[in-house]
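This report refers to the structure that appears directly beneath it.
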Number of protein chains: 2
Amino acid sequence: MTRLRIDLAYDGGGFYGWATQPHIRTVQGTIEAALHKLLRVPDHDPDEPLRLVVAGRTDTGVHASHQVCHLDIDESTLARAVGHMKVPAVTALEHRLQRLLPTDIAIHRVSVAPDGFDARFSALERTYVYRIADRASEVDPRLRGCVLHIDDTLDLDAMNRAAAMTLGLHDFGSFATPNPGGTTIREVKRAAWTRVPSRPLVPARDDVATHGTGDARDAARVCGDATGGYVTPTLESGLVCFTIVADAFARNMVRSLVNACVAVGIGKRDLDWFAGKMAVPKREGSTGPIAPQGLTLEHVAYPPDDELASRAEAIRAVRTLP
Amino acid sequence: MTRLRIDLAYDGGGFYGWATQPHIRTVQGTIEAALHKLLRVPDHDPDEPLRLVVAGRTDTGVHASHQVCHLDIDESTLARAVGHMKVPAVTALEHRLQRLLPTDIAIHRVSVAPDGFDARFSALERTYVYRIADRASEVDPRLRGCVLHIDDTLDLDAMNRAAAMTLGLHDFGSFATPNPGGTTIREVKRAAWTRVPSRPLVPARDDVATHGTGDARDAARVCGDATGGYVTPTLESGLVCFTIVADAFARNMVRSLVNACVAVGIGKRDLDWFAGKMAVPKREGSTGPIAPQGLTLEHVAYPPDDELASRAEAIRAVRTLP
């Protein structure tokens, strides 16, 4: 058996989440079906299950730019990926998957996983970003699939005071649906709201040579470079972004926290309410999850190769405690 | 009569271009239908034509982030926008249009146009950007509606040498379809290919206070900030972008130039071929237009208010010469 690591991205808009479900279009189901097809393994063959194990199970409509999963596969099955290609089997599988999958899934890389690697249990932390266009942002219809439009003005200072309360080890029971037998205790390492500065998409002409463009100068140039011409800003200029990093996330946790912060940011709830929700972890009376399209799983961090196995063992032990 | 200036954006993916056509979904047709509905003017009323005049007529599938059009409207018709709102008629029209239109069109602003303003004939220059993900870029499925994926490595130096040949006043007959009775002579003021630097979406933590982030330091931090954590890059990091600015563009001109530059960039054509196409303007033997989804009209520049009318007269004269 060989364990492969698959790095990938997807637009979640056309999927009912990650996890395979019968008769429903999911990311896992779509990739597993492609694997069965190109490796000529009959579907549901109990002797050759091609099953992906993922770092972050995303909900319906949630995107991923850098998702990670692993696949255990027989050497002889993997070898079928080569066909007439003159490349190693793993490279052949990467190319064929890239070509076979629909355009809303992109395979970044397929590689042989290092010893002890487990996409889910070896992971140290996950980074999610939620993107919002509020009244102070310019709405860009090209981004409507990955940015939530809120027709209100957000108080980022208040939202950051709420976000700061989530830092550290807490029971996020007010903001998450527990799995049966699981806990909602998680460690948040970073949580911050920022308005993306207005920056030029490409460096201004007179900066190309020197390759040093300061943000403050950038901002001043978005509507005019040294010669008075228009400079195109980056797509995300002016958007409000929430970045949250944690060891792991309970179900619905990011979207529920975002919804609670937005309720504070538009003045519908106050910081005392948020503090109460953090102090007494119960779902009743809390805000539910906000719309999925603004959310993207951006990164999964793993420890150095020689710590992969011990990390996986430690996490597996924690998650299976009574 | 009042002339209104309308600043707007749209995702062109769901439209058969800008210009109204019977029984087909176009941007102009969709907005004019909304205007007729909310101002209660019967469709095709010859006494009250609500017709938009646009700065840049975009083709099927082409986007606009900052399009400009104008509308001449009776004061009494405009007044119907107010309804129960306690705001000026122009503000009311802006709000109602924003709410009535589908999410693939965004109205940035509706304002009373200054004297002499003509969205098409007063314009000084138009800026278009074409976005490509090549083999050196990371493919992001969230952006597949506004970025073209090319499974090849682009030689940006060669493409920039081709682009440099387009600068100045030329007959772009090799790269454009002339309108009946029109010319394909245009003045290109800027044309450059750039790979977008990899930059963090939000400033790194220790820079938030000082608010000065250099590009070189940014690039080094995309995969790790001062504390070793992951920093999310901007959506366009690593993409190849073509920026072109001209007084105006002939039909299919930007997409045909992009296709010709890409042919040079992948080695299918050489620079001598491109130089020949610039020297002898004829459509035969030239590359056709590249796919529309990578193209966005990003900006339309107008002169100061006191030069609007004279600019419009001058351009109208040029365009109507025999």
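Letters for chains follow the order of the structure tokens (A, B, ...), residue numbers begin at 1 for each chain, and ligand numbers begin at 1 in the order shown.
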(message) Could you tell me which residues of chain B sit within 9 Å of chain A when counting only C-alpha atoms, and give me the result as a PyMOL selection string?
(response) chain B and resi 9-13+63-65+103-108+127+129+138-146+194-197+201-203+211-216+229-232+234-236+241+243+298-301
I need the chosen residues saved as a short mmCIF file (atom, residue, chain, number, x, y, z; two decimals), in the first residue's frame, with C-alpha atoms.
```cif
data_model
loop_
_atom_site.label_atom_id
_atom_site.label_comp_id
_atom_site.auth_asym_id
_atom_site.auth_seq_id
_atom_site.Cartn_x
_atom_site.Cartn_y
_atom_site.Cartn_z
CA ALA B 9 -20.10 46.60 -12.89
CA TYR B 10 -21.15 43.21 -14.21
CA ASP B 11 -20.08 39.61 -14.51
CA GLY B 12 -20.35 39.05 -18.26
CA GLY B 13 -20.60 35.27 -17.97
CA HIS B 63 -16.84 41.57 -17.69
CA ALA B 64 -16.76 45.19 -16.49
CA SER B 65 -15.71 46.39 -13.05
CA THR B 103 -26.63 39.86 -8.62
CA ASP B 104 -24.48 39.72 -11.77
CA ILE B 105 -24.97 43.49 -12.21
CA ALA B 106 -23.90 46.01 -9.54
CA ILE B 107 -24.78 49.71 -9.71
CA HIS B 108 -21.91 51.67 -8.15
CA THR B 127 -8.38 50.39 -19.48
CA VAL B 129 -7.19 43.84 -18.02
CA GLU B 138 -1.88 28.20 -8.97
CA VAL B 139 -5.32 27.49 -10.43
CA ASP B 140 -8.11 28.84 -8.20
CA PRO B 141 -11.51 27.42 -9.17
CA ARG B 142 -13.22 30.37 -7.43
CA LEU B 143 -11.84 32.64 -10.17
CA ARG B 144 -12.53 30.40 -13.18
CA GLY B 145 -15.25 32.82 -14.35
CA CYS B 146 -12.78 35.71 -14.75
CA THR B 194 3.03 41.32 -15.66
CA ARG B 195 3.02 38.39 -13.28
CA VAL B 196 1.15 39.58 -10.19
CA PRO B 197 3.50 39.43 -7.19
CA LEU B 201 -4.25 39.51 1.61
CA VAL B 202 -4.04 41.44 4.88
CA PRO B 203 -0.94 43.08 6.36
CA HIS B 211 1.17 50.37 8.30
CA GLY B 212 4.20 50.05 6.04
CA THR B 213 4.65 46.76 4.23
CA GLY B 214 7.21 46.47 1.47
CA ASP B 215 6.48 44.17 -1.46
CA ALA B 216 9.73 42.25 -1.09
CA GLY B 229 2.12 31.14 10.71
CA TYR B 230 0.54 30.92 7.26
CA VAL B 231 -0.39 34.21 5.59
CA THR B 232 -3.19 34.06 3.03
CA THR B 234 -4.37 37.74 -2.45
CA LEU B 235 -6.61 35.91 -4.93
CA GLU B 236 -4.59 37.15 -7.92
CA CYS B 241 -2.17 40.02 -16.29
CA THR B 243 -3.12 45.75 -18.96
CA GLU B 298 -11.65 48.10 -15.61
CA HIS B 299 -11.86 51.86 -16.15
CA VAL B 300 -13.04 54.69 -18.38
CA ALA B 301 -11.25 58.04 -17.99
#
```
(message) For B:Ser286, find every residue with an atom within 8 Å (counting only C-alpha atoms), except residues of its own chain fewer than 5 positions away, and show them as number ranges by chain.
(response) B: 174-175, 260, 277
Those same residues, written as a CSV table (one decimal), in the first residue's frame with N, CA and C atoms?
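Ended up saving to out.csv:
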```csv
chain,number,residue,atom,x,y,z
B,174,SER,N,-5.2,44.0,-38.3
B,174,SER,CA,-4.9,42.6,-38.2
B,174,SER,C,-5.6,42.0,-36.9
B,175,PHE,N,-6.0,42.9,-36.0
B,175,PHE,CA,-6.4,42.4,-34.7
B,175,PHE,C,-7.9,42.9,-34.4
B,260,ALA,N,-2.8,36.9,-29.9
B,260,ALA,CA,-1.5,37.0,-30.7
B,260,ALA,C,-0.3,37.0,-29.7
B,277,LYS,N,2.3,41.6,-38.6
B,277,LYS,CA,0.8,41.8,-38.4
B,277,LYS,C,0.6,43.3,-38.1
```
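If you measure from each of B:Pro22, B:Gly285, B:Pro292, B:Gly267 to B:Thr153 using only C-alpha atoms, the closest one turns out to be B:Gly267.
Among the candidates B:Arg283, B:Val62, B:Asp74, B:Glu307, the residue lying nearest to B:Arg131 is B:Val62 (atoms considered: only C-alpha atoms).
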